Amino acid sequence: MPLKFYKIYDFAEHGKDPQAVFSVRTIEIKNKLICLARLADAYYAVDDKCPHAGARLGLGKCSEEGKVICPIHRYQYDLKTGRGLPQQGDYVNTYPIETRADGVYIGLDKKWWQI
Ligand code: FES
């Protein structure tokens, strides 16, 4: 499915280092809440809503092993694959991120374009 990319960070406006390494936050794009994480190598984006009981993952923590940790019951989700721990048996959707010369972009598929 084709993607449309939306700018999250504009390096001219936010600087070249707009989010701390190993941090998470919630962003809103097209009325959709997304958890944006920064690891040492890149940015990653997953659903903000924890599938366990609906907490906002963007209010949680980011581990150096590349997982977002939910702030309520501490379930963990891999930021690259979206998979929870095997004993959890759940997952979150992941979204492509591109770091370009002028900023950081997230790709959303067509169902989000008209919102
Ligand atoms: S709400 Fe996220 S682990 Fe329970």
# chains A, B, ... in the order shown; residues from 1 in each chain; ligands from 1

$ closest_atom_pairs --of "chain A" --to "ligand 1" --cutoff "7 Å" --atoms "only C-alpha atoms and all ligand atoms" --output "CSV"
residue,atom,partner,partner_atom_place_in_ligand_line,distance
A:Cys50,CA,ligand 1,2 (Fe),4.7
A:Pro51,CA,ligand 1,2 (Fe),6.6
A:His52,CA,ligand 1,4 (Fe),4.7
A:Ala53,CA,ligand 1,1 (S),3.8
A:Gly54,CA,ligand 1,1 (S),5.0
A:Ala55,CA,ligand 1,1 (S),4.4
A:Cys70,CA,ligand 1,2 (Fe),4.7
A:Pro71,CA,ligand 1,2 (Fe),6.5
A:Ile72,CA,ligand 1,1 (S),5.2
A:His73,CA,ligand 1,3 (S),3.9
A:Arg74,CA,ligand 1,3 (S),5.0
A:Tyr75,CA,ligand 1,3 (S),4.2

$ residues_around --residues "A:Asp90" --least-positions-apart "2" --cutoff "10 Å" --atoms "only C-alpha atoms" --output "PyMOL selection string"
chain A and resi 50-52+75-77+82-88+92

$ closest_residue --among "A:Ile69, A:Asp47, A:Ala12, A:Gln19" --to "A:Lys32" --atoms "only C-alpha atoms"
A:Asp47

$ select_by_dssp --residues "chain A" --states "helix (DSSP H, G or I)" --output "list in words"
Phe11, Ala12, Glu13, His14, Leu57, Gly58, Leu59, Lys110, Lys111 and Trp112 of chain A

$ atom_distance --atom1 "atom CA of A:Pro2" --atom2 "atom CA of A:Arg56"
27.4 Å

$ select_by_dssp --residues "chain A" --states "strand (DSSP E)" --output "ChimeraX atom specification"
/A:3-10,23-29,32-38,43-47,61-62,67-69,76-78,94-95,97-100,103-109

$ write_last_selection --atoms "N, CA and C atoms" --output "compact mmCIF listing (two decimals), in the first residue's frame"
# COMPACT_ATOMS: atom_id res chain seq x y z
N LEU A 3 2.56 4.82 0.65
CA LEU A 3 2.70 5.61 1.87
C LEU A 3 2.80 7.09 1.54
N LYS A 4 2.34 7.89 2.46
CA LYS A 4 2.55 9.33 2.39
C LYS A 4 3.37 9.70 3.62
N PHE A 5 4.42 10.49 3.40
CA PHE A 5 5.31 10.82 4.51
C PHE A 5 5.02 12.21 5.06
N TYR A 6 4.92 12.28 6.38
CA TYR A 6 4.65 13.53 7.09
C TYR A 6 5.86 13.90 7.94
N LYS A 7 6.20 15.18 7.92
CA LYS A 7 7.37 15.63 8.67
C LYS A 7 7.04 15.71 10.16
N ILE A 8 7.87 15.05 10.97
CA ILE A 8 7.72 15.08 12.43
C ILE A 8 8.62 16.16 13.01
N TYR A 9 9.88 16.13 12.60
CA TYR A 9 10.84 17.13 13.06
C TYR A 9 11.43 17.83 11.84
N ASP A 10 11.46 19.14 11.91
CA ASP A 10 12.12 19.95 10.88
C ASP A 10 13.44 20.41 11.49
N SER A 23 14.72 7.91 24.38
CA SER A 23 13.52 8.56 24.93
C SER A 23 12.32 8.21 24.06
N VAL A 24 11.13 8.33 24.64
CA VAL A 24 9.88 8.16 23.90
C VAL A 24 8.99 9.36 24.15
N ARG A 25 8.13 9.62 23.22
CA ARG A 25 7.11 10.66 23.38
C ARG A 25 5.94 10.33 22.49
N THR A 26 4.82 10.99 22.72
CA THR A 26 3.65 10.81 21.88
C THR A 26 3.56 11.95 20.90
N ILE A 27 3.31 11.63 19.64
CA ILE A 27 3.05 12.64 18.63
C ILE A 27 1.66 12.39 18.06
N GLU A 28 1.06 13.42 17.49
CA GLU A 28 -0.25 13.26 16.84
C GLU A 28 -0.10 13.63 15.38
N ILE A 29 -0.42 12.70 14.51
CA ILE A 29 -0.39 12.91 13.06
C ILE A 29 -1.73 12.47 12.51
N LYS A 32 -4.07 10.70 14.77
CA LYS A 32 -3.62 9.39 15.25
C LYS A 32 -2.46 9.60 16.22
N LEU A 33 -2.56 8.97 17.39
CA LEU A 33 -1.49 9.08 18.38
C LEU A 33 -0.47 7.98 18.13
N ILE A 34 0.79 8.40 18.06
CA ILE A 34 1.89 7.49 17.75
C ILE A 34 2.98 7.69 18.78
N CYS A 35 3.57 6.60 19.19
CA CYS A 35 4.71 6.65 20.11
C CYS A 35 5.98 6.73 19.26
N LEU A 36 6.71 7.82 19.45
CA LEU A 36 7.95 8.04 18.71
C LEU A 36 9.12 7.83 19.66
N ALA A 37 10.01 6.93 19.27
CA ALA A 37 11.16 6.61 20.12
C ALA A 37 12.44 6.92 19.35
N ARG A 38 13.45 7.26 20.11
CA ARG A 38 14.77 7.41 19.50
C ARG A 38 15.72 6.46 20.18
N TYR A 43 15.28 6.72 14.67
CA TYR A 43 13.96 6.90 15.28
C TYR A 43 13.08 5.71 14.90
N TYR A 44 12.12 5.38 15.76
CA TYR A 44 11.16 4.32 15.51
C TYR A 44 9.79 4.77 15.96
N ALA A 45 8.75 4.27 15.28
CA ALA A 45 7.39 4.67 15.62
C ALA A 45 6.50 3.43 15.73
N VAL A 46 5.70 3.41 16.79
CA VAL A 46 4.74 2.33 17.00
C VAL A 46 3.43 2.96 17.49
N ASP A 47 2.36 2.16 17.50
CA ASP A 47 1.10 2.64 18.07
C ASP A 47 1.34 3.18 19.48
N LYS A 61 8.88 4.34 28.96
CA LYS A 61 10.34 4.49 28.86
C LYS A 61 10.84 3.70 27.66
N CYS A 62 12.07 4.02 27.28
CA CYS A 62 12.72 3.35 26.17
C CYS A 62 13.97 2.66 26.72
N LYS A 67 13.42 -1.50 23.31
CA LYS A 67 12.02 -1.77 23.63
C LYS A 67 11.38 -0.54 24.27
N VAL A 68 10.09 -0.35 23.98
CA VAL A 68 9.33 0.65 24.71
C VAL A 68 8.64 -0.09 25.86
N ILE A 69 8.69 0.51 27.05
CA ILE A 69 8.15 -0.12 28.26
C ILE A 69 6.93 0.68 28.69
N GLN A 76 6.46 -4.87 27.49
CA GLN A 76 7.51 -4.34 26.62
C GLN A 76 7.23 -4.71 25.16
N TYR A 77 7.54 -3.78 24.27
CA TYR A 77 7.35 -4.00 22.85
C TYR A 77 8.61 -3.61 22.11
N ASP A 78 9.04 -4.50 21.21
CA ASP A 78 10.23 -4.24 20.40
C ASP A 78 9.92 -3.10 19.42
N THR A 94 3.89 -1.05 13.75
CA THR A 94 5.07 -0.20 13.55
C THR A 94 4.84 0.68 12.32
N TYR A 95 5.55 1.80 12.27
CA TYR A 95 5.42 2.74 11.15
C TYR A 95 6.81 3.11 10.64
N ILE A 97 9.95 5.16 9.41
CA ILE A 97 10.51 6.49 9.67
C ILE A 97 11.67 6.71 8.69
N GLU A 98 11.74 7.88 8.12
CA GLU A 98 12.87 8.25 7.27
C GLU A 98 13.51 9.52 7.82
N THR A 99 14.82 9.46 8.01
CA THR A 99 15.56 10.67 8.36
C THR A 99 16.18 11.20 7.09
N ARG A 100 15.71 12.36 6.67
CA ARG A 100 16.19 12.98 5.43
C ARG A 100 17.06 14.18 5.78
N GLY A 103 14.89 16.76 7.81
CA GLY A 103 14.10 16.41 8.99
C GLY A 103 13.77 14.93 9.07
N VAL A 104 12.88 14.62 10.00
CA VAL A 104 12.47 13.24 10.25
C VAL A 104 11.02 13.10 9.81
N TYR A 105 10.72 12.02 9.07
CA TYR A 105 9.39 11.83 8.48
C TYR A 105 8.83 10.47 8.89
N ILE A 106 7.50 10.43 8.98
CA ILE A 106 6.82 9.15 9.24
C ILE A 106 5.93 8.84 8.04
N GLY A 107 5.88 7.56 7.69
CA GLY A 107 5.06 7.12 6.57
C GLY A 107 3.76 6.52 7.06
N LEU A 108 2.66 7.03 6.54
CA LEU A 108 1.34 6.48 6.88
C LEU A 108 0.67 6.00 5.60
N ASP A 109 -0.07 4.90 5.69
CA ASP A 109 -0.71 4.39 4.49
C ASP A 109 -2.02 5.12 4.21
